[in-house]
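Colleague: Please find one structure pasted underneath; my questions will follow.
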Amino acid sequence: MQWRIINDRRPLIEWTSDKLAQLEYVSRLKTQNRSLEALRLPEVYWVGKNLRELEALSTQLPQRFVIKPNHSSGRYLLIDQLKGALDWGQVAESANRWIAPDEEELVFGHWPYGKARHLLVAQERIGRNSFPESEMRGWIFGGTLKQVTRFEPARRAASNYDHRFVRLDSGRVIDRPVDELNHFDRLSKARKEMLVHLMEQIAAPFDHMRVDIFVDDDCFWFNELSPFALSGLAHYPDYRFDLERGSHWRLPQLGSLDQSAAEWKQLLEGEPLGTIQRGASSTYTNPDSGSPKGLPNA
């Protein structure tokens, strides 16, 4: 992972820390590949640089939604107006600070975060509870899934699996006991295999990519790509866990010609508009359902 951070400047990687570009990439995949129809994409309501602009459109927002930066990691606000009136001043004060460069590009050296468009995004919130039932993180190498992590954001806990869905123990304190069942364990084999298929199709162009998908009410929702997962700095008490991942990674030839370079760069062009900015007449057909739903055009 540190080799990628220091050396890999390919157009293929350049757009992968821009959340709107990720959505556009997966949206295009869905229109080209019917086997991805089981994957849903969250609706983007608004995109901009000043949250006060979103406040002016607040009557068009649902009661529950998410606000997050387009170019950062681990920052978000879960909005639920069913629990009380929203203090837009406080929300704007917090979110507007996210426009500035942060530790991803200034400290960790994750250069695509600097290439990502510095924007704020308001989008659909997945799940009826505070978080979806499962956040599944697939570790894909050369287009093949090798490990899966079920992460629980509310508890900062994890459950690990190999490609056959056998539980693994990395030795980290956040790991759940291997005999403790969870929502993912109760999914049918067919649903688990569908999840693997979705992850592998999304990660197909990459030598390595972590693909994060929410599973809620047994529905699959795309969350994000993680090109620099854990920065390659996570400590695993059982070192074999980390060695297993590294053994599957075949580093790319950086000088190789990429016929899709122009297409990758296009994903970062322009400033997309969300649904409530575009208006009903300017939405396009969502590949999820065949009905209008305004995902961003990058």
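Here's how to read the names in the structure tokens: chain A, B, ... by the order shown, residue numbers from 1 in each chain, ligand numbers from 1 in the order shown.
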Pick out the residues sitting within 12 Å of Glu55 in chain A, and hand them over as number ranges by chain; count only C-alpha atoms, and ignore anything fewer than 6 positions along from it in its own chain.

Modeller: A: 46, 48, 61, 67, 86-92, 122, 276

Colleague: What would the file look like if the residues just selected were written as a compact mmCIF listing (two decimals), in the first residue's frame with C-alpha atoms?

Modeller:
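Writing the result to part_22.txt gives the following:
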# COMPACT_ATOMS: atom_id res chain seq x y z
CA TRP A 46 -27.32 18.50 -3.61
CA GLY A 48 -21.93 22.59 -3.51
CA LEU A 61 -35.06 17.47 1.32
CA ILE A 67 -23.97 15.33 4.50
CA LEU A 86 -32.11 20.96 12.43
CA ASP A 87 -29.73 23.72 13.55
CA TRP A 88 -28.49 24.76 10.12
CA GLY A 89 -26.01 27.22 11.56
CA GLN A 90 -24.26 24.52 13.56
CA VAL A 91 -24.35 22.06 10.69
CA ALA A 92 -22.95 24.62 8.26
CA ALA A 122 -26.08 15.76 0.57
CA ILE A 276 -33.09 19.12 -6.15

Colleague: So which residues touch Pro272 in chain A within 12 Å, counting only C-alpha atoms, skipping near sequence neighbours fewer than 2 positions away, as an MDAnalysis selection string?

Modeller: chainID A and resid 18:21 23:24 44:49 70 117:121 267:270 274:278 294:298

Colleague: Please report, as a list in words, each residue of range 174-283 of chain A to which DSSP assigns strand (DSSP E) when run on this structure's backbone.

Modeller: His208, Met209, Arg210, Val211, Asp212, Ile213, Phe214, Val215, Asp216, Cys219, Phe220, Trp221, Phe222, Asn223, Glu224, Leu225 and Ser226 of chain A

Colleague: Residues as selected, C-alpha atoms, written as a PDB file, in the first residue's frame, can you do that?

Modeller:
ATOM      1  CA  HIS A 208      -6.217  -3.949  -5.922  1.00  0.00           C
ATOM      2  CA  MET A 209      -9.299  -2.156  -4.669  1.00  0.00           C
ATOM      3  CA  ARG A 210     -11.413  -2.383  -1.540  1.00  0.00           C
ATOM      4  CA  VAL A 211     -15.086  -2.120  -2.449  1.00  0.00           C
ATOM      5  CA  ASP A 212     -17.512  -1.124   0.334  1.00  0.00           C
ATOM      6  CA  ILE A 213     -21.176  -2.086   0.002  1.00  0.00           C
ATOM      7  CA  PHE A 214     -23.991  -1.587   2.508  1.00  0.00           C
ATOM      8  CA  VAL A 215     -26.361  -4.505   3.071  1.00  0.00           C
ATOM      9  CA  ASP A 216     -29.692  -3.394   4.508  1.00  0.00           C
ATOM     10  CA  CYS A 219     -30.523  -5.008  -0.399  1.00  0.00           C
ATOM     11  CA  PHE A 220     -27.092  -4.063  -1.711  1.00  0.00           C
ATOM     12  CA  TRP A 221     -26.122  -0.363  -1.781  1.00  0.00           C
ATOM     13  CA  PHE A 222     -22.855   0.947  -3.174  1.00  0.00           C
ATOM     14  CA  ASN A 223     -20.957   2.944  -0.557  1.00  0.00           C
ATOM     15  CA  GLU A 224     -17.470   3.727  -1.828  1.00  0.00           C
ATOM     16  CA  LEU A 225     -14.112   2.615  -3.178  1.00  0.00           C
ATOM     17  CA  SER A 226     -11.116   2.605  -0.843  1.00  0.00           C
TER      18      SER A 226
END

Colleague: Considering only C-alpha atoms, state which residue in the set A:Arg240, A:Arg137, A:Arg156, A:His248 is at the smallest distance from Gly171 in chain A.

Modeller: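 Closest candidate: A:Arg240.
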
Colleague: Would you mind writing down, as a PyMOL selection string, each residue of range 77-290 of chain A that DSSP on the backbone assigns to helix (DSSP H, G or I)?

Modeller: chain A and resi 81-83+88-99+103-106+111-115+184-186+189-202+229-232+239-248+261-266+275-278+280-282

Colleague: Limited to C-alpha atoms, could you put the picked residues into a file as a compact mmCIF listing (two decimals), in the first residue's frame?

Modeller:
# COMPACT_ATOMS: atom_id res chain seq x y z
CA GLN A 81 -35.14 15.78 11.43
CA LEU A 82 -37.69 13.32 12.85
CA LYS A 83 -35.73 13.64 16.10
CA TRP A 88 -28.49 24.76 10.12
CA GLY A 89 -26.01 27.22 11.56
CA GLN A 90 -24.26 24.52 13.56
CA VAL A 91 -24.35 22.06 10.69
CA ALA A 92 -22.95 24.62 8.26
CA GLU A 93 -20.17 25.58 10.67
CA SER A 94 -19.05 21.95 10.87
CA ALA A 95 -19.47 20.96 7.23
CA ASN A 96 -18.08 24.11 5.61
CA ARG A 97 -14.71 23.42 7.29
CA TRP A 98 -14.50 20.21 5.28
CA ILE A 99 -13.87 22.12 2.05
CA GLU A 103 -4.77 14.96 6.48
CA GLU A 104 -5.49 12.61 3.57
CA GLU A 105 -3.52 14.75 1.14
CA LEU A 106 -1.41 16.84 3.56
CA TRP A 111 -2.57 12.22 -3.71
CA PRO A 112 -5.98 11.43 -5.36
CA TYR A 113 -7.69 13.22 -2.47
CA GLY A 114 -6.02 16.37 -3.76
CA LYS A 115 -7.27 15.62 -7.27
CA PHE A 184 -24.19 -11.20 7.11
CA ASP A 185 -23.88 -14.78 8.42
CA ARG A 186 -27.64 -15.17 8.09
CA LYS A 189 -25.33 -18.48 0.03
CA ALA A 190 -26.83 -17.07 -3.16
CA ARG A 191 -26.98 -13.55 -1.70
CA LYS A 192 -23.40 -13.80 -0.47
CA GLU A 193 -22.27 -14.95 -3.90
CA MET A 194 -24.15 -12.04 -5.48
CA LEU A 195 -22.33 -9.64 -3.16
CA VAL A 196 -18.99 -11.11 -4.23
CA HIS A 197 -19.98 -10.79 -7.90
CA LEU A 198 -20.89 -7.11 -7.47
CA MET A 199 -17.63 -6.34 -5.72
CA GLU A 200 -15.49 -8.16 -8.28
CA GLN A 201 -17.19 -6.45 -11.23
CA ILE A 202 -16.66 -3.02 -9.70
CA ALA A 229 -7.52 1.22 2.83
CA LEU A 230 -5.96 1.67 6.28
CA SER A 231 -2.99 3.40 4.55
CA GLY A 232 -1.15 0.08 4.75
CA TYR A 239 0.85 -11.04 11.00
CA ARG A 240 -0.25 -13.88 8.72
CA PHE A 241 -3.52 -12.02 8.17
CA ASP A 242 -1.69 -9.10 6.55
CA LEU A 243 0.74 -11.35 4.68
CA GLU A 244 -2.19 -13.18 3.13
CA ARG A 245 -3.48 -9.97 1.60
CA GLY A 246 -0.07 -8.88 0.40
CA SER A 247 0.59 -12.24 -1.24
CA HIS A 248 -2.29 -11.66 -3.67
CA ALA A 261 -7.05 7.13 -19.59
CA ALA A 262 -9.25 9.82 -21.16
CA GLU A 263 -12.37 8.14 -19.77
CA TRP A 264 -10.90 8.06 -16.25
CA LYS A 265 -9.95 11.74 -16.43
CA GLN A 266 -13.45 12.63 -17.61
CA THR A 275 -31.52 16.09 -7.80
CA ILE A 276 -33.09 19.12 -6.15
CA GLN A 277 -30.73 21.45 -8.03
CA ARG A 278 -31.40 19.86 -11.41
CA ALA A 280 -37.55 17.01 -12.12
CA SER A 281 -37.24 17.88 -15.82
CA SER A 282 -33.48 17.32 -15.84

Colleague: Which one is closest to Glu124 in chain A: A:Asp102, A:Asp218, A:Glu53, A:Glu43? Count only C-alpha atoms.

Modeller: A:Glu43

Colleague: Return the single residue from A:Phe228, A:Gly84, A:Trp249, A:His235 that is closest to Leu145 in chain A, with distances computed using only C-alpha atoms.

Modeller: A:Trp249

Colleague: Using only C-alpha atoms, pick whichever of A:Arg64, A:Arg150, A:His110, A:Arg176 has the shortest atom-to-atom distance to Arg128 in chain A.

Modeller: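 Checking each of A:Arg64, A:Arg150, A:His110, A:Arg176 against Arg128 in chain A, counting only C-alpha atoms, the winner is A:Arg64.
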